[in-house]
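Chemist: I'd like to ask you about the structure that follows.
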Amino acid sequence: MPGRFALPPTLGSLRNYVDGEFVSTDKRFDNVSPLDGRVLAQVHEADAALVDRAVQAARKALAGPWGGMSVDERAAMMHRVADVIERRFDEFVAAEVGDTGRPVEQAKKLDVFRGILNLRTFADLGKNAHGDYFETRTAGGDNLMNYTVRKPLGVVASISPWNLPLLSMTWKAGPALICGNTMVVKPSEETPSSATLLAEAFHEAGVPPGVFNLVHGFGANSAGEAMTKNPGIDAITFTGESRTGSTIMKAVADGMKEVSFELGGKNAAIVFADCDFDAAVDGVVRSSFTNTGQVCLCSERVYVERPIFERFVAEMKKRTEKLKIGWPDDPGVDMGSLISHKHRAKVLSYYKLALEEGATLVTGGGVPTFGDERDNGAFIQPTIWTGLSDDARCVREEVFGPVCHITPFDTEEEALRRANDSVYGLAGTIWTTNLSRAHRVARRFHTGIVWVNTWYLRDLRTPFGGTKLSGLGREGGRYSLDFYSETTNICIKL
Ligand code: NAD
Ligand code: 6OD
């Protein structure tokens, strides 16, 4: 059938990768395509014993081959892994598209592109990192020289979500590995394919056994929980729901393990009447509906200054209704499916709740029909609401689907107060042509990230993370190097 998505060619059985070997297990689960409900692969679930084998392998590699390498040698290895991803680019694209149902163009330009860039960027940043140096004369007249050295934390457990699978894993693996750590990585149970290819890339690049270990499975009562409870793990880097972050924090509290958390969001966009109107509408369509709204940074709350409110809503409706939903390789497709039927049921429950809470439905609110196999998939319409009060659940809770609620405001102070009225604090977006206002509002957003007149443009050297329930700590550039290193100060009396 023309435009029909072809299944990933190589991924029939997805195994764990432990101590340099691909390991089968007896317990398996299905990897189901969200595009049409087909079973794509059998996934081999790791139990606590296999997780422990992975941790022991990682400990051995830490003391042995990886720990013994210079940073230049580690960087060269990581570039070799990136080379393999580049060479097998189309397989990685197929894996991401097959697992998630996203447009092929997105998988190419965002997911796989970033998979390569994350490894290369952190390899180079690690090579060029330097420590602090201070010369001191004490009150007693002693002359001191102080300098810092970075040492690895040890074995890092990385647990990631399904929304940007390869991007999330490599965003953690890049800095963790260049700092000399070894890893046990668990992708989401929904997206095991690109993780398996990534393990193949490490294998093919000749990275020593035990440096990068992959375990498949779920969270509670499965591989995820086993990782958080394993005493051989020194640090956890977790991306996912805030509630899961809190469960993990409790699980590792007694062991006092280092944690870095990138969690949920209910991000606000503030659109001032002095904005570039067309750019703002396009920007908010993009920030609300990219990846079918499944980006932690998506704007689910939009505050628009009253003089342009009606026109803004009308134009959002027009442009949203033009978004093309379809097969990942349909020409010009804008939105694929959601990740799963289970997630669609959750998003649809918010569509229903919004109406019960008194929302006016501007557009969407349901499920598209195609008259082909896609009707078995997890497709959904992008949806815009107006008219909800600030305490409505649909305005307060993260939906993680293609939704936004648009509401008018009258003053800058009011817009900021309402935007900041959230238990989350990941990203804020401001649309204005007034330079002073942009700076003034940006620094008063209670979020870790602010974009002005754009959304989700990234420089990997910048800090990334959230406040409040959106996370703990910052990663990116030297912030990542700081998290993945144990920094020691050495003081020498001269
Ligand atoms: P999730 O919390 O359900 O799962 C994330 C990962 O944690 C999965 O691998 C899962 O198997 C594992 N897990 C679940 N319970 C666990 C437990 N008890 N112990 C150990 N591991 C466990 O999240 P999700 O549904 O996969 O992802 C969507 C969420 O991720 C959204 O809330 C989104 O905002 C958030 N997210 C945040 C960022 C960020 O950078 N802040 C980035 C991407 C996604
Ligand atoms: O771009 C990134 O580095 C990053 N960590 C994005 C996360 C997006 C959340 O869904």
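To be explicit about the labels: the chains of the structure tokens are called A, B, and onward in the order shown, and within each one the residues are counted from 1, while ligands get numbers from 1 in the order they are shown.
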Please extract the residues at most 9 Å from ligand 2, counting only C-alpha atoms and all ligand atoms, and provide them as a ChimeraX atom specification, using the chain letters and residue numbers of this document.
Modeler: /A:110,114,118,161-164,167-168,171-172,239-240,262-264,294-298,456-460,464-465,475-476
Chemist: Take the residues from that selection and put them in a file with N, CA and C atoms, as a PDB file, in the first residue's frame.
Modeler:
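Heads up, here's the output in again_22.pdb:
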```
ATOM      1  N   LEU A 110      15.636  14.595  14.541  1.00  0.00           N
ATOM      2  CA  LEU A 110      15.745  14.801  15.984  1.00  0.00           C
ATOM      3  C   LEU A 110      16.380  13.578  16.654  1.00  0.00           C
ATOM      4  N   ARG A 114      20.306  13.363  17.151  1.00  0.00           N
ATOM      5  CA  ARG A 114      20.765  13.649  18.517  1.00  0.00           C
ATOM      6  C   ARG A 114      21.495  12.453  19.132  1.00  0.00           C
ATOM      7  N   ASN A 118      24.866  13.532  20.673  1.00  0.00           N
ATOM      8  CA  ASN A 118      25.073  13.418  22.125  1.00  0.00           C
ATOM      9  C   ASN A 118      26.410  12.736  22.415  1.00  0.00           C
ATOM     10  N   PRO A 161      12.576   6.922  29.579  1.00  0.00           N
ATOM     11  CA  PRO A 161      11.175   6.830  29.150  1.00  0.00           C
ATOM     12  C   PRO A 161      11.071   6.489  27.668  1.00  0.00           C
ATOM     13  N   TRP A 162       9.838   6.480  27.185  1.00  0.00           N
ATOM     14  CA  TRP A 162       9.599   6.034  25.820  1.00  0.00           C
ATOM     15  C   TRP A 162       9.490   7.174  24.823  1.00  0.00           C
ATOM     16  N   ASN A 163       9.439   8.417  25.295  1.00  0.00           N
ATOM     17  CA  ASN A 163       9.035   9.452  24.337  1.00  0.00           C
ATOM     18  C   ASN A 163      10.130   9.842  23.351  1.00  0.00           C
ATOM     19  N   LEU A 164      11.405   9.889  23.809  1.00  0.00           N
ATOM     20  CA  LEU A 164      12.519  10.159  22.886  1.00  0.00           C
ATOM     21  C   LEU A 164      13.600   9.131  23.227  1.00  0.00           C
ATOM     22  N   LEU A 167      17.487   9.430  21.991  1.00  0.00           N
ATOM     23  CA  LEU A 167      17.965  10.731  22.471  1.00  0.00           C
ATOM     24  C   LEU A 167      18.212  10.660  23.978  1.00  0.00           C
ATOM     25  N   SER A 168      17.248  10.107  24.724  1.00  0.00           N
ATOM     26  CA  SER A 168      17.377  10.086  26.191  1.00  0.00           C
ATOM     27  C   SER A 168      18.539   9.215  26.635  1.00  0.00           C
ATOM     28  N   TRP A 171      21.927  10.835  25.710  1.00  0.00           N
ATOM     29  CA  TRP A 171      22.083  12.082  26.487  1.00  0.00           C
ATOM     30  C   TRP A 171      22.686  11.760  27.855  1.00  0.00           C
ATOM     31  N   LYS A 172      22.433  10.546  28.350  1.00  0.00           N
ATOM     32  CA  LYS A 172      23.000  10.104  29.626  1.00  0.00           C
ATOM     33  C   LYS A 172      24.302   9.331  29.406  1.00  0.00           C
ATOM     34  N   THR A 239      14.879   9.486  33.872  1.00  0.00           N
ATOM     35  CA  THR A 239      13.972  10.393  33.170  1.00  0.00           C
ATOM     36  C   THR A 239      12.624   9.702  33.096  1.00  0.00           C
ATOM     37  N   GLY A 240      11.581  10.409  33.505  1.00  0.00           N
ATOM     38  CA  GLY A 240      10.251   9.808  33.462  1.00  0.00           C
ATOM     39  C   GLY A 240       9.283  10.613  34.299  1.00  0.00           C
ATOM     40  N   GLU A 262      15.088  13.881  35.612  1.00  0.00           N
ATOM     41  CA  GLU A 262      14.409  14.746  34.635  1.00  0.00           C
ATOM     42  C   GLU A 262      12.973  14.246  34.556  1.00  0.00           C
ATOM     43  N   LEU A 263      12.032  15.050  35.048  1.00  0.00           N
ATOM     44  CA  LEU A 263      10.682  14.536  35.293  1.00  0.00           C
ATOM     45  C   LEU A 263       9.623  15.276  34.471  1.00  0.00           C
ATOM     46  N   GLY A 264       8.408  15.211  34.939  1.00  0.00           N
ATOM     47  CA  GLY A 264       7.278  15.700  34.146  1.00  0.00           C
ATOM     48  C   GLY A 264       7.193  17.222  34.057  1.00  0.00           C
ATOM     49  N   GLN A 294       4.060  14.468  23.031  1.00  0.00           N
ATOM     50  CA  GLN A 294       4.770  13.621  24.006  1.00  0.00           C
ATOM     51  C   GLN A 294       6.227  14.058  24.165  1.00  0.00           C
ATOM     52  N   VAL A 295       6.419  15.330  24.445  1.00  0.00           N
ATOM     53  CA  VAL A 295       7.732  15.847  24.807  1.00  0.00           C
ATOM     54  C   VAL A 295       7.537  16.527  26.153  1.00  0.00           C
ATOM     55  N   CYS A 296       8.434  16.250  27.090  1.00  0.00           N
ATOM     56  CA  CYS A 296       8.257  16.814  28.428  1.00  0.00           C
ATOM     57  C   CYS A 296       8.200  18.333  28.391  1.00  0.00           C
ATOM     58  N   LEU A 297       8.721  18.941  27.313  1.00  0.00           N
ATOM     59  CA  LEU A 297       8.823  20.395  27.202  1.00  0.00           C
ATOM     60  C   LEU A 297       7.612  21.024  26.524  1.00  0.00           C
ATOM     61  N   CYS A 298       6.665  20.207  26.055  1.00  0.00           N
ATOM     62  CA  CYS A 298       5.507  20.721  25.304  1.00  0.00           C
ATOM     63  C   CYS A 298       4.693  21.710  26.137  1.00  0.00           C
ATOM     64  N   TYR A 456      12.246  24.627  22.065  1.00  0.00           N
ATOM     65  CA  TYR A 456      13.041  23.416  21.940  1.00  0.00           C
ATOM     66  C   TYR A 456      14.142  23.535  20.878  1.00  0.00           C
ATOM     67  N   LEU A 457      14.896  24.625  20.954  1.00  0.00           N
ATOM     68  CA  LEU A 457      16.150  24.679  20.213  1.00  0.00           C
ATOM     69  C   LEU A 457      17.235  24.467  21.248  1.00  0.00           C
ATOM     70  N   ARG A 458      18.223  23.631  20.931  1.00  0.00           N
ATOM     71  CA  ARG A 458      19.133  23.176  21.967  1.00  0.00           C
ATOM     72  C   ARG A 458      20.587  23.444  21.640  1.00  0.00           C
ATOM     73  N   ASP A 459      21.347  23.795  22.668  1.00  0.00           N
ATOM     74  CA  ASP A 459      22.801  23.776  22.626  1.00  0.00           C
ATOM     75  C   ASP A 459      23.178  22.843  23.768  1.00  0.00           C
ATOM     76  N   LEU A 460      23.869  21.759  23.461  1.00  0.00           N
ATOM     77  CA  LEU A 460      24.067  20.710  24.477  1.00  0.00           C
ATOM     78  C   LEU A 460      25.012  21.126  25.592  1.00  0.00           C
ATOM     79  N   PHE A 464      20.222  21.832  31.557  1.00  0.00           N
ATOM     80  CA  PHE A 464      18.896  21.325  31.191  1.00  0.00           C
ATOM     81  C   PHE A 464      18.319  20.624  32.417  1.00  0.00           C
ATOM     82  N   GLY A 465      17.108  21.008  32.806  1.00  0.00           N
ATOM     83  CA  GLY A 465      16.483  20.353  33.950  1.00  0.00           C
ATOM     84  C   GLY A 465      15.362  21.211  34.487  1.00  0.00           C
ATOM     85  N   GLU A 475      21.531  18.662  33.883  1.00  0.00           N
ATOM     86  CA  GLU A 475      22.513  17.994  33.021  1.00  0.00           C
ATOM     87  C   GLU A 475      22.752  18.896  31.815  1.00  0.00           C
ATOM     88  N   GLY A 476      23.724  18.507  30.986  1.00  0.00           N
ATOM     89  CA  GLY A 476      24.108  19.345  29.845  1.00  0.00           C
ATOM     90  C   GLY A 476      25.472  19.945  30.117  1.00  0.00           C
TER      91      GLY A 476
END
```
Chemist: If we count only C-alpha atoms, what is near Val112 of chain A at a cut-off of 10 Å, once residues fewer than 3 positions away on the same chain are taken out, given as a ChimeraX atom specification?
Modeler: /A:85-86,89-93,96,106-109,115-118,164-167,170,194
Chemist: Nearest to Trp431 of chain A: which of A:Gly366, A:Gly283, A:Gly37, A:Pro328 is it, counting only C-alpha atoms?
Modeler: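 So, comparing all the options, the nearest one is A:Gly283.
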Chemist: Fewer than 6 positions away in the same chain doesn't count, so skip those; otherwise give me all residues within 6 Å of segment 308-324 of chain A, counting only C-alpha atoms, as a PyMOL selection string.
Modeler: chain A and resi 273+333-334+408
Chemist: Do a neighbour search on segment 383-400 of chain A at 7 Å with only C-alpha atoms, toss out local chain neighbours closer than 4 positions, and write the hits as a PyMOL selection string.
Modeler: chain A and resi 265-266+293-294+301+347+350+354+357-365+404-407+422
Chemist: Deliver the residues from the most recent selection as a file, using N, CA, C and O atoms, as a CSV table (one decimal), in the first residue's frame.
Modeler:
```
chain,number,residue,atom,x,y,z
A,265,GLY,N,6.3,17.7,33.3
A,265,GLY,CA,6.1,19.1,33.1
A,265,GLY,C,4.6,19.5,32.8
A,265,GLY,O,3.8,18.6,32.4
A,266,LYS,N,4.2,20.7,33.1
A,266,LYS,CA,2.9,21.2,32.6
A,266,LYS,C,3.3,22.6,32.2
A,266,LYS,O,3.0,23.6,32.8
A,293,GLY,N,2.6,15.6,21.1
A,293,GLY,CA,2.5,16.2,22.4
A,293,GLY,C,3.3,15.4,23.5
A,293,GLY,O,3.2,15.7,24.7
A,294,GLN,N,4.1,14.5,23.0
A,294,GLN,CA,4.8,13.6,24.0
A,294,GLN,C,6.2,14.1,24.2
A,294,GLN,O,7.2,13.3,24.0
A,301,ARG,N,-0.2,24.7,28.5
A,301,ARG,CA,-1.0,25.8,29.0
A,301,ARG,C,-0.5,27.0,28.2
A,301,ARG,O,0.7,27.3,28.1
A,347,VAL,N,-5.0,9.7,27.7
A,347,VAL,CA,-5.2,11.1,27.1
A,347,VAL,C,-6.7,11.3,26.8
A,347,VAL,O,-7.2,12.4,27.1
A,350,TYR,N,-8.6,12.5,29.7
A,350,TYR,CA,-8.5,14.0,29.9
A,350,TYR,C,-9.4,14.7,28.9
A,350,TYR,O,-10.0,15.8,29.2
A,354,ALA,N,-12.0,17.3,30.4
A,354,ALA,CA,-12.0,18.7,30.1
A,354,ALA,C,-13.5,19.2,29.9
A,354,ALA,O,-13.8,20.3,30.4
A,357,GLU,N,-15.3,19.5,33.0
A,357,GLU,CA,-14.8,20.6,33.8
A,357,GLU,C,-15.2,21.9,33.2
A,357,GLU,O,-14.9,23.0,33.8
A,358,GLY,N,-15.9,21.9,32.1
A,358,GLY,CA,-16.5,23.1,31.5
A,358,GLY,C,-15.7,23.7,30.4
A,358,GLY,O,-15.9,24.9,30.0
A,359,ALA,N,-14.8,23.0,29.8
A,359,ALA,CA,-14.0,23.5,28.7
A,359,ALA,C,-14.9,23.7,27.4
A,359,ALA,O,-15.8,23.0,27.2
A,360,THR,N,-14.5,24.7,26.7
A,360,THR,CA,-15.0,24.9,25.3
A,360,THR,C,-14.0,24.2,24.4
A,360,THR,O,-12.8,24.4,24.4
A,361,LEU,N,-14.5,23.2,23.6
A,361,LEU,CA,-13.7,22.5,22.7
A,361,LEU,C,-13.5,23.3,21.4
A,361,LEU,O,-14.5,23.6,20.7
A,362,VAL,N,-12.3,23.7,21.1
A,362,VAL,CA,-12.0,24.6,19.9
A,362,VAL,C,-11.8,23.7,18.7
A,362,VAL,O,-12.3,23.9,17.6
A,363,THR,N,-11.1,22.6,18.9
A,363,THR,CA,-10.9,21.6,17.9
A,363,THR,C,-10.4,20.3,18.5
A,363,THR,O,-9.9,20.2,19.6
A,364,GLY,N,-10.6,19.2,17.7
A,364,GLY,CA,-10.1,17.9,18.1
A,364,GLY,C,-11.1,17.2,19.1
A,364,GLY,O,-12.3,17.2,19.0
A,365,GLY,N,-10.5,16.6,20.1
A,365,GLY,CA,-11.3,15.9,21.2
A,365,GLY,C,-11.6,14.5,21.0
A,365,GLY,O,-12.3,13.8,21.8
A,404,CYS,N,-3.6,21.6,24.2
A,404,CYS,CA,-3.3,22.8,24.9
A,404,CYS,C,-4.6,23.5,25.3
A,404,CYS,O,-5.6,23.4,24.6
A,405,HIS,N,-4.5,24.2,26.4
A,405,HIS,CA,-5.6,25.1,26.9
A,405,HIS,C,-5.2,26.5,26.7
A,405,HIS,O,-4.1,26.9,27.2
A,406,ILE,N,-6.0,27.3,26.1
A,406,ILE,CA,-5.6,28.7,25.8
A,406,ILE,C,-6.5,29.6,26.6
A,406,ILE,O,-7.7,29.5,26.6
A,407,THR,N,-5.9,30.6,27.3
A,407,THR,CA,-6.7,31.4,28.2
A,407,THR,C,-6.2,32.9,28.1
A,407,THR,O,-5.0,33.1,27.9
A,422,SER,N,2.0,26.3,39.4
A,422,SER,CA,2.0,24.9,39.0
A,422,SER,C,3.0,24.1,39.9
A,422,SER,O,4.0,24.7,40.4
```
Chemist: Counting only C-alpha atoms, which residue out of A:Asn453, A:Thr244, A:Thr290, A:Gln42 sits closest to Arg15 of chain A?
Modeler: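 Using only C-alpha atoms, Arg15 of chain A sits closest to A:Gln42.
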Chemist: Extract the full set of helix (DSSP H, G or I) residues from segment 190-410 of chain A according to DSSP on the backbone, and format it as a ChimeraX atom specification.
Modeler: /A:193-204,223-229,242-253,277-293,306-321,341-356,373-376,393-396
Chemist: Point out the residue among A:Ala280, A:Ile270, A:Val285, A:Leu426 with the least atom-to-atom distance to ligand 1, counting only C-alpha atoms and all ligand atoms.
Modeler: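 For ligand 1, the nearest of the candidates is A:Leu426.
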Chemist: Quick one: everything within 10 Å of Gly255 of chain A, counting only C-alpha atoms, minus sequence neighbours fewer than 3 positions away in the same chain. Send it as a ChimeraX atom specification.
Modeler: /A:228-235,250-252,258
Chemist: Among segment 154-312 of chain A, which residues carry a DSSP assignment of strand (DSSP E), reported as an NGL selection string?
Modeler: :A and (155-159 or 182-186 or 212-214 or 235-239 or 258-262 or 267-271 or 299-305)
Chemist: Choose the residue, out of A:Arg418, A:Lys151, A:Lys468, A:Arg374, that has the smallest atom-to-atom separation from ligand 1; count only C-alpha atoms and all ligand atoms.
Modeler: A:Lys468
Chemist: Select, from A:Val71, A:Val441, A:Met335, A:Ala41, the residue with the minimum atom-to-atom distance to Pro103 of chain A, counting only C-alpha atoms.
Modeler: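 Going through A:Val71, A:Val441, A:Met335, A:Ala41 one by one, the smallest distance to Pro103 of chain A is for A:Met335.
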Chemist: Would you kindly return, as a PDB file with N, CA, C and O atoms, in the first residue's frame, each protein, DNA or RNA residue with an atom no farther than 8 Å from any atom of Lys493 of chain A, considering only C-alpha atoms and excluding same-chain residues fewer than 5 positions away?
Modeler:
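Output (out.pdb):
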```
ATOM      1  N   ASP A 142      50.817  30.170  55.659  1.00  0.00           N
ATOM      2  CA  ASP A 142      51.119  28.997  54.829  1.00  0.00           C
ATOM      3  C   ASP A 142      50.747  29.275  53.376  1.00  0.00           C
ATOM      4  O   ASP A 142      49.718  29.888  53.100  1.00  0.00           O
ATOM      5  N   ASN A 143      51.558  28.781  52.474  1.00  0.00           N
ATOM      6  CA  ASN A 143      51.227  28.886  51.047  1.00  0.00           C
ATOM      7  C   ASN A 143      50.674  27.553  50.572  1.00  0.00           C
ATOM      8  O   ASN A 143      51.295  26.510  50.806  1.00  0.00           O
ATOM      9  N   LEU A 144      49.509  27.602  49.935  1.00  0.00           N
ATOM     10  CA  LEU A 144      48.820  26.376  49.513  1.00  0.00           C
ATOM     11  C   LEU A 144      48.550  26.407  48.025  1.00  0.00           C
ATOM     12  O   LEU A 144      48.346  27.470  47.436  1.00  0.00           O
ATOM     13  N   MET A 145      48.526  25.217  47.485  1.00  0.00           N
ATOM     14  CA  MET A 145      48.070  25.063  46.102  1.00  0.00           C
ATOM     15  C   MET A 145      46.888  24.095  46.156  1.00  0.00           C
ATOM     16  O   MET A 145      47.008  23.013  46.720  1.00  0.00           O
TER      17      MET A 145
END
```
Chemist: Please compute the atom 26 (O, counted along the ligand's line) of ligand 1-atom CA of Glu189 of chain A distance, one decimal, in Å.
Modeler: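 The value is 8.2 Å.
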Chemist: Need the shell around Met78 of chain A: protein/DNA/RNA residues with any atom at most 8 Å away, counting only C-alpha atoms. Skip same-chain ones fewer than 5 positions apart. Format as a list in words?
Modeler: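 In the requested form, the answer reads Leu119, Arg120, Ala123, Gly174 and Ile178 of chain A.
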Chemist: Would you work out the distance separating atom CA of Ala63 of chain A from atom CA of Leu153 of chain A, expressed in Å to one decimal?
Modeler: 12.1 Å
Chemist: Would you please work out which residue, of A:Val39, A:Val32, A:Ala173, A:Val215, is nearest to ligand 1 when using only C-alpha atoms and all ligand atoms?
Modeler: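 So, comparing all the options, the nearest one is A:Val215.
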Chemist: Could you please determine the separation between atom CA of Val156 of chain A and atom CA of Val259 of chain A in Å, to one decimal place?
Modeler: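 The value is 9.6 Å.
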